[in-house]
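Participant: Below is one structure. I have some questions about it.
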Amino acid sequence: MSLLAYVETYGCQMNVADTEIVLGLLQGAGYQRTHDPAAADVILINTCAVREKAVERVWGRASTLATYKARRPNVVLGITGCMAEHLRDQVRARAPFVDLVVGPDGYRRLLAHIEEARAGVKIDDTVLDPDETYQGLDPARAATGTVVGSIAVQRGCDRFCSFCVVPYTRGRERGTAPDEVLRQARALVAAGGKEVRLLGQTVTSYRHGDVDFASLLQALAGIDGLERIRFMSPYPLGFSEDVIAVMAGSSKICKHVHLPLQSASDTVLARMKRGYSFGQYRDLVRALRTALPDVAITTDLLVGFCGESEEEFADILRALPELRFDNAFTFAYSERPHTLAARTMPDNVPAEVKQRRLAQVIDLQRQITGEIHAAQVGRCERVLLETPSRRSPDELLGRTDSFRSVIVPAGARAKLGAFVDVKIERANPATLFGSPSP
Ligand code: SF4
């Protein structure tokens with residue numbers, strides 16, 4: 001009987017991709033994935049340290065999952081990912097029952113660690129490896145299915161924004177070798193994949209030897225059978241004209257750009273150490289919309305950062321109607337240990353003010369997204385059907401080129417993995433609904 005592995009994932013797409021690498025390793029060693037922690041021989045929590053809420057949730061889950069270990073002492077329980085890296089001392093203090101603490105650069109050694117842990121050794125592997133790109137390891141593609149696959153083309157981050165833990169948890173930037181990216185993309189196509197998502201913390205600054213991001217995109221666009229290429233997330237600096245030109249020149253490269261703004265106030269951006277002004281950001285948005293008239297631009301916004309005044313916050317409320325993002329991920333600032341902000345700037349915006357500002361931004365963006373979605377009604381969109389819909393077994397969820405979610409009734413043409421032309425019939429701020437056009 002094969003051993004069973006249960007993996008719970010928190011955080012960003014990069015962490016989801018890391019879970020696929022971990023599952024690929026486990027499956028190669030004969031494990032099968034289970035969604036029942038009570039049946040698992042190995043339980044891993046692949047964690048995120050970017051926000052305090054996610055960290056608190058993991059402490060709770062670790063205690064709950066430890067009860068399965070208490071019933072079956074041979075079970076190996078591990079915490080992996082960014083929290084393992086960033087809060088390793090706290091993990092030992094707050095969750096002493098955990099067998100493995102493995103950071104994002106330690107997965108190659110995971111199978112050996114599991115064996116040692118089974119023999120009673122407590123494992124700590126949180127050394128950052130500036131060269132680790134997981135070359136040669138095949139992801140299990142269990143989390144995203146086979147229609148769409150992710151490839152981490154760049155790991156780590158060199159930017160050190162003052163609020164962010166990523167450079168501390170994932171180390172410095174390094175690009176995956178282009179041959180390896182192409183190998184993984186071809187393997188995805190051979191397994192039935194239609195779309196690849198290229199991941200990196202500042203993905204447009206990808207470089208490996210002489211190959212930059214524009215040339216990587218061009219090489220991927222040459223793969224037969226690969227029909228869509230997306231990337232996330234670019235950084236507002238270093239988004240080159242070459243990348244924009246390659247996007248404009250290839251119908252395979254999706255016209256969707258997730259471009260984190262964070263704040264529209266120059267003084268807040270300076271305290272965040274983002275390195276750009278609102279004007280520079282706006283110029284990039286204009287350049288993208290000029291070169292790619294149908295481009296959908298989404299963003300990240302962080303409210304309540306250290307010292308954010310009402311006037312600084314109001315810059316965000318003025319920017320949203322001007323830039324009209326397709327959508328925005330919005331967050332209230334929470335201090336992360338060891339960052340520049342935590343060391344040098346008081347977290348002095350009261351919690352209720354942060355929540356009020358967050359609600360204002362969410363409301364305004366929801367209204368704008370609703371208007372953009374309403375304008376899609378009546379249009380015909382090419383949709384890749386990615387997964388069954390959660391609402392009904394008779395419906396499928398797909399995405400437009402611009403990354404809008406579309407619900408479509410399943411049918412003879414509307415099958416998982418198929419591209420269909422869909423007439424958009426109705427919309428709300430979260431989703432479009434339509435039917436295959438005759
Ligand atoms: S660019 Fe800034 S916010 Fe993004 S991962 Fe790097 S340090 Fe964090």
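Residue numbering restarts at 1 in every chain; chains get A, B, ... in the order shown in the structure tokens, and ligands count up from 1 in that same order.
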With 10 Å as the cut-off and only C-alpha atoms and all ligand atoms counted, what is the closest atom pair between each nearby residue of chain A and ligand 1? Distances in Å to one decimal, ordered by chain and number, as CSV.

Facilitator:
```
residue,atom,partner,partner_atom_place_in_ligand_line,distance
A:Val50,CA,ligand 1,8 (Fe),8.6
A:Arg155,CA,ligand 1,5 (S),9.8
A:Gly156,CA,ligand 1,5 (S),7.5
A:Cys157,CA,ligand 1,6 (Fe),4.7
A:Asp158,CA,ligand 1,6 (Fe),6.3
A:Arg159,CA,ligand 1,7 (S),4.8
A:Phe160,CA,ligand 1,7 (S),4.1
A:Cys161,CA,ligand 1,2 (Fe),4.2
A:Ser162,CA,ligand 1,7 (S),7.2
A:Phe163,CA,ligand 1,3 (S),7.2
A:Cys164,CA,ligand 1,8 (Fe),4.5
A:Val165,CA,ligand 1,8 (Fe),6.3
A:Val166,CA,ligand 1,8 (Fe),5.0
A:Pro167,CA,ligand 1,7 (S),5.8
A:Tyr168,CA,ligand 1,7 (S),8.9
A:Thr169,CA,ligand 1,5 (S),9.9
A:Arg170,CA,ligand 1,5 (S),9.0
A:Gly171,CA,ligand 1,6 (Fe),10.0
A:Arg172,CA,ligand 1,6 (Fe),9.4
A:Glu173,CA,ligand 1,6 (Fe),9.2
A:Gly200,CA,ligand 1,5 (S),8.7
A:Gln201,CA,ligand 1,5 (S),5.0
A:Thr202,CA,ligand 1,1 (S),5.8
A:Val203,CA,ligand 1,1 (S),9.6
A:Ser233,CA,ligand 1,4 (Fe),8.4
A:Pro234,CA,ligand 1,1 (S),8.7
A:Tyr235,CA,ligand 1,1 (S),6.5
A:Pro236,CA,ligand 1,1 (S),9.2
A:Leu237,CA,ligand 1,1 (S),9.7
A:Pro260,CA,ligand 1,4 (Fe),8.2
A:Leu261,CA,ligand 1,3 (S),9.9
A:Gln262,CA,ligand 1,3 (S),8.6
A:Met272,CA,ligand 1,2 (Fe),8.6
A:Lys273,CA,ligand 1,2 (Fe),8.3
A:Arg274,CA,ligand 1,2 (Fe),6.8
A:Gly275,CA,ligand 1,2 (Fe),9.7
A:Asp300,CA,ligand 1,3 (S),9.7
A:Thr339,CA,ligand 1,7 (S),9.6
```

Participant: Next, the residues of the selection above should be written as a tab-separated table (two decimals), in the first residue's frame with N, CA and C atoms.

Facilitator:
```tsv
chain	number	residue	atom	x	y	z
A	50	VAL	N	3.83	36.62	4.47
A	50	VAL	CA	3.69	38.00	3.99
A	50	VAL	C	2.72	38.79	4.86
A	155	ARG	N	13.16	33.25	-8.94
A	155	ARG	CA	12.91	33.08	-7.50
A	155	ARG	C	13.64	34.19	-6.75
A	156	GLY	N	13.11	34.56	-5.59
A	156	GLY	CA	13.74	35.58	-4.76
A	156	GLY	C	13.41	36.99	-5.22
A	157	CYS	N	13.94	37.96	-4.49
A	157	CYS	CA	13.68	39.36	-4.84
A	157	CYS	C	14.83	40.22	-4.31
A	158	ASP	N	15.25	41.18	-5.14
A	158	ASP	CA	16.34	42.08	-4.76
A	158	ASP	C	15.85	43.46	-4.34
A	159	ARG	N	14.56	43.69	-4.31
A	159	ARG	CA	14.10	45.07	-4.20
A	159	ARG	C	14.01	45.59	-2.76
A	160	PHE	N	13.77	44.73	-1.80
A	160	PHE	CA	13.72	45.16	-0.39
A	160	PHE	C	12.77	46.33	-0.15
A	161	CYS	N	11.54	46.23	-0.63
A	161	CYS	CA	10.51	47.20	-0.26
A	161	CYS	C	10.41	47.17	1.27
A	162	SER	N	10.18	48.32	1.88
A	162	SER	CA	10.37	48.39	3.33
A	162	SER	C	9.36	47.57	4.12
A	163	PHE	N	8.22	47.21	3.51
A	163	PHE	CA	7.19	46.47	4.24
A	163	PHE	C	7.27	44.96	4.04
A	164	CYS	N	8.15	44.48	3.17
A	164	CYS	CA	8.02	43.13	2.63
A	164	CYS	C	9.07	42.15	3.15
A	165	VAL	N	8.63	40.94	3.48
A	165	VAL	CA	9.55	39.92	4.00
A	165	VAL	C	10.17	39.06	2.91
A	166	VAL	N	9.66	39.16	1.67
A	166	VAL	CA	10.07	38.19	0.65
A	166	VAL	C	11.60	38.10	0.47
A	167	PRO	N	12.33	39.22	0.41
A	167	PRO	CA	13.78	39.07	0.23
A	167	PRO	C	14.44	38.31	1.39
A	168	TYR	N	13.79	38.33	2.56
A	168	TYR	CA	14.35	37.61	3.72
A	168	TYR	C	13.94	36.14	3.70
A	169	THR	N	12.77	35.84	3.14
A	169	THR	CA	12.31	34.45	3.17
A	169	THR	C	12.71	33.67	1.93
A	170	ARG	N	12.91	34.38	0.81
A	170	ARG	CA	13.18	33.67	-0.44
A	170	ARG	C	14.52	34.07	-1.06
A	171	GLY	N	15.28	34.92	-0.36
A	171	GLY	CA	16.62	35.25	-0.82
A	171	GLY	C	16.65	36.13	-2.06
A	172	ARG	N	17.80	36.15	-2.71
A	172	ARG	CA	18.05	37.08	-3.81
A	172	ARG	C	17.54	36.50	-5.13
A	173	GLU	N	17.32	37.43	-6.07
A	173	GLU	CA	16.77	37.05	-7.37
A	173	GLU	C	17.69	36.11	-8.15
A	200	GLY	N	7.29	34.97	-10.98
A	200	GLY	CA	8.49	35.56	-10.42
A	200	GLY	C	8.06	36.75	-9.59
A	201	GLN	N	8.81	37.06	-8.55
A	201	GLN	CA	8.43	38.18	-7.69
A	201	GLN	C	8.50	39.51	-8.44
A	202	THR	N	9.49	39.63	-9.31
A	202	THR	CA	9.62	40.82	-10.18
A	202	THR	C	9.94	40.27	-11.57
A	203	VAL	N	8.96	39.58	-12.15
A	203	VAL	CA	9.25	38.65	-13.25
A	203	VAL	C	9.84	39.34	-14.48
A	233	SER	N	4.48	38.42	-11.15
A	233	SER	CA	4.03	39.78	-11.33
A	233	SER	C	5.19	40.63	-11.82
A	234	PRO	N	4.95	41.49	-12.77
A	234	PRO	CA	5.99	42.43	-13.16
A	234	PRO	C	6.15	43.50	-12.07
A	235	TYR	N	7.27	44.18	-12.09
A	235	TYR	CA	7.47	45.32	-11.18
A	235	TYR	C	7.35	46.59	-12.02
A	236	PRO	N	6.79	47.66	-11.47
A	236	PRO	CA	6.60	48.86	-12.30
A	236	PRO	C	7.89	49.46	-12.85
A	237	LEU	N	9.04	49.15	-12.24
A	237	LEU	CA	10.31	49.58	-12.84
A	237	LEU	C	10.89	48.40	-13.62
A	260	PRO	N	1.59	45.74	-9.54
A	260	PRO	CA	1.33	46.24	-8.18
A	260	PRO	C	1.67	47.74	-8.04
A	261	LEU	N	0.67	48.51	-7.62
A	261	LEU	CA	0.88	49.95	-7.38
A	261	LEU	C	1.23	50.20	-5.91
A	262	GLN	N	0.52	49.56	-5.01
A	262	GLN	CA	0.65	49.65	-3.55
A	262	GLN	C	0.13	50.97	-2.99
A	272	MET	N	7.82	53.40	1.41
A	272	MET	CA	7.79	51.96	1.07
A	272	MET	C	9.05	51.52	0.33
A	273	LYS	N	9.88	52.50	-0.10
A	273	LYS	CA	11.10	52.21	-0.89
A	273	LYS	C	10.76	51.51	-2.20
A	274	ARG	N	9.66	51.94	-2.83
A	274	ARG	CA	9.27	51.28	-4.08
A	274	ARG	C	10.13	51.74	-5.26
A	275	GLY	N	10.71	52.92	-5.17
A	275	GLY	CA	11.65	53.33	-6.23
A	275	GLY	C	10.99	54.01	-7.42
A	300	ASP	N	-2.13	45.57	-6.96
A	300	ASP	CA	-2.17	45.35	-5.50
A	300	ASP	C	-2.14	46.72	-4.83
A	339	THR	N	11.69	43.48	8.76
A	339	THR	CA	11.70	44.37	7.60
A	339	THR	C	12.18	45.77	8.01
```

Participant: Determine which residues of segment 164-361 of chain A receive a DSSP assignment of helix (DSSP H, G or I), computed from the backbone, and state them as a ChimeraX atom specification.

Facilitator: /A:166-170,178-190,203-205,213-221,241-249,266-271,278-291,310-323,340-344,351-361

Participant: Go through A:Val91, A:Val303, A:Ile43, A:Ala264 one by one, measure the shortest atom-to-atom distance of each to Leu320 of chain A using only C-alpha atoms, and give the residue with the smallest value.

Facilitator: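 Distance minimum relative to Leu320 of chain A lands on A:Ala264.
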
Participant: Using only C-alpha atoms, which residues sit within 9 Å of Gln184 of chain A once same-chain residues fewer than 4 positions away are excluded, as a VMD selection string?

Facilitator: chain A and resid 136 138 to 139 151 179 to 180 188 to 189

Participant: Ser240 of chain A: which residues within 10 Å, counting only C-alpha atoms, same-chain residues fewer than 5 positions away excluded, as a ChimeraX atom specification?

Facilitator: /A:204-205,213-214,245,284

Participant: Could you please take those selected residues and save C-alpha atoms as a PDB file, in the first residue's frame?

Facilitator:
```pdb
ATOM      1  CA  THR A 204       9.994  41.274 -15.899  1.00  0.00           C
ATOM      2  CA  SER A 205      13.504  41.660 -14.468  1.00  0.00           C
ATOM      3  CA  PHE A 213      12.423  38.395 -20.137  1.00  0.00           C
ATOM      4  CA  ALA A 214      11.506  39.599 -23.632  1.00  0.00           C
ATOM      5  CA  ALA A 245       6.718  44.973 -28.087  1.00  0.00           C
ATOM      6  CA  LEU A 284       3.752  52.881 -17.782  1.00  0.00           C
TER       7      LEU A 284
END
```

Participant: So the first atom is atom CA of Arg183 of chain A and the second is atom CA of Ile45 of chain A; what is the distance between them in Å, to one decimal place?

Facilitator: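 Distance between the two atoms: 28.6 Å.
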
Participant: Between atom CA of Ile316 of chain A and atom CA of Leu301 of chain A, measure the distance and give it in Å to one decimal.

Facilitator: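 Spanning atom CA of Ile316 of chain A to atom CA of Leu301 of chain A is a straight-line distance of 8.5 Å.
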
Participant: For Arg271 of chain A, work out the shell of residues within 9 Å, counting only C-alpha atoms and skipping chain neighbours fewer than 5 positions away, then give it as a ChimeraX atom specification.

Facilitator: /A:161-162,266,305-306,341,345

Participant: Show which residues sit within 6 Å of segment 127-133 of chain A, as a list in words. Count only C-alpha atoms, and ignore same-chain residues fewer than 2 positions away.

Facilitator: Asp105, Asp125, Gln135 and Thr176 of chain A

Participant: Kindly indicate which residue among A:Leu269, A:Ala375, A:Ile229, A:Ala40 lies nearest to Phe403 of chain A, using only C-alpha atoms for the distances.

Facilitator: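 The shortest atom-to-atom distance to Phe403 of chain A comes from A:Ile229.
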
Participant: Using DSSP on the backbone, list every residue of segment 201-392 of chain A that comes out as strand (DSSP E or B), and give them as number ranges by chain.

Facilitator: A: 207-208, 211-212, 228-232, 253, 256-258, 262, 296-303, 327-332, 380-388

Participant: For Met247 of chain A, which residue among A:Leu220, A:Val420, A:Leu226, A:Leu302 is the nearest when counting only C-alpha atoms?

Facilitator: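 Nearest to Met247 of chain A: A:Leu220.
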
Participant: Need to verify the contact set: Ile368 of chain A, 10 Å, only C-alpha atoms, exclusion of same-chain residues closer than 3 positions in sequence. Can you return it as an mmCIF file with N, CA and C atoms, in the first residue's frame?

Facilitator:
```cif
data_model
loop_
_atom_site.group_PDB
_atom_site.id
_atom_site.type_symbol
_atom_site.label_atom_id
_atom_site.label_comp_id
_atom_site.auth_asym_id
_atom_site.auth_seq_id
_atom_site.Cartn_x
_atom_site.Cartn_y
_atom_site.Cartn_z
ATOM 1 N N LEU A 320 -7.844 55.603 -8.459
ATOM 2 C CA LEU A 320 -8.634 54.477 -8.969
ATOM 3 C C LEU A 320 -9.542 54.868 -10.132
ATOM 4 N N PRO A 321 -10.327 55.970 -10.023
ATOM 5 C CA PRO A 321 -11.157 56.326 -11.182
ATOM 6 C C PRO A 321 -10.315 56.750 -12.375
ATOM 7 N N ARG A 324 -8.538 53.192 -13.557
ATOM 8 C CA ARG A 324 -9.577 52.178 -13.859
ATOM 9 C C ARG A 324 -8.986 50.775 -14.038
ATOM 10 N N PHE A 325 -8.475 50.249 -12.932
ATOM 11 C CA PHE A 325 -7.968 48.879 -12.951
ATOM 12 C C PHE A 325 -9.113 47.910 -13.179
ATOM 13 N N ASP A 326 -8.792 46.817 -13.834
ATOM 14 C CA ASP A 326 -9.777 45.752 -13.979
ATOM 15 C C ASP A 326 -10.156 45.173 -12.622
ATOM 16 N N ASN A 327 -9.181 45.098 -11.754
ATOM 17 C CA ASN A 327 -9.412 44.543 -10.427
ATOM 18 C C ASN A 327 -8.222 44.893 -9.539
ATOM 19 N N ILE A 362 -12.012 48.971 -1.323
ATOM 20 C CA ILE A 362 -12.710 47.794 -1.871
ATOM 21 C C ILE A 362 -14.008 48.231 -2.543
ATOM 22 N N ASP A 363 -14.761 49.102 -1.876
ATOM 23 C CA ASP A 363 -16.045 49.571 -2.439
ATOM 24 C C ASP A 363 -15.851 50.258 -3.780
ATOM 25 N N LEU A 364 -14.870 51.165 -3.817
ATOM 26 C CA LEU A 364 -14.650 51.938 -5.042
ATOM 27 C C LEU A 364 -14.191 51.026 -6.180
ATOM 28 N N GLN A 365 -13.251 50.126 -5.868
ATOM 29 C CA GLN A 365 -12.748 49.243 -6.918
ATOM 30 C C GLN A 365 -13.842 48.295 -7.397
ATOM 31 N N GLU A 371 -18.447 48.097 -13.426
ATOM 32 C CA GLU A 371 -18.705 48.847 -14.669
ATOM 33 C C GLU A 371 -17.950 48.216 -15.845
ATOM 34 N N ILE A 372 -16.691 47.838 -15.598
ATOM 35 C CA ILE A 372 -15.896 47.223 -16.685
ATOM 36 C C ILE A 372 -16.546 45.901 -17.109
ATOM 37 N N HIS A 373 -16.970 45.113 -16.116
ATOM 38 C CA HIS A 373 -17.609 43.830 -16.450
ATOM 39 C C HIS A 373 -18.931 44.046 -17.196
ATOM 40 N N ALA A 374 -19.725 45.035 -16.746
ATOM 41 C CA ALA A 374 -21.019 45.286 -17.412
ATOM 42 C C ALA A 374 -20.797 45.634 -18.887
ATOM 43 N N PRO A 429 -19.566 42.005 -10.453
ATOM 44 C CA PRO A 429 -18.180 42.465 -10.305
ATOM 45 C C PRO A 429 -17.158 41.336 -10.165
#
```
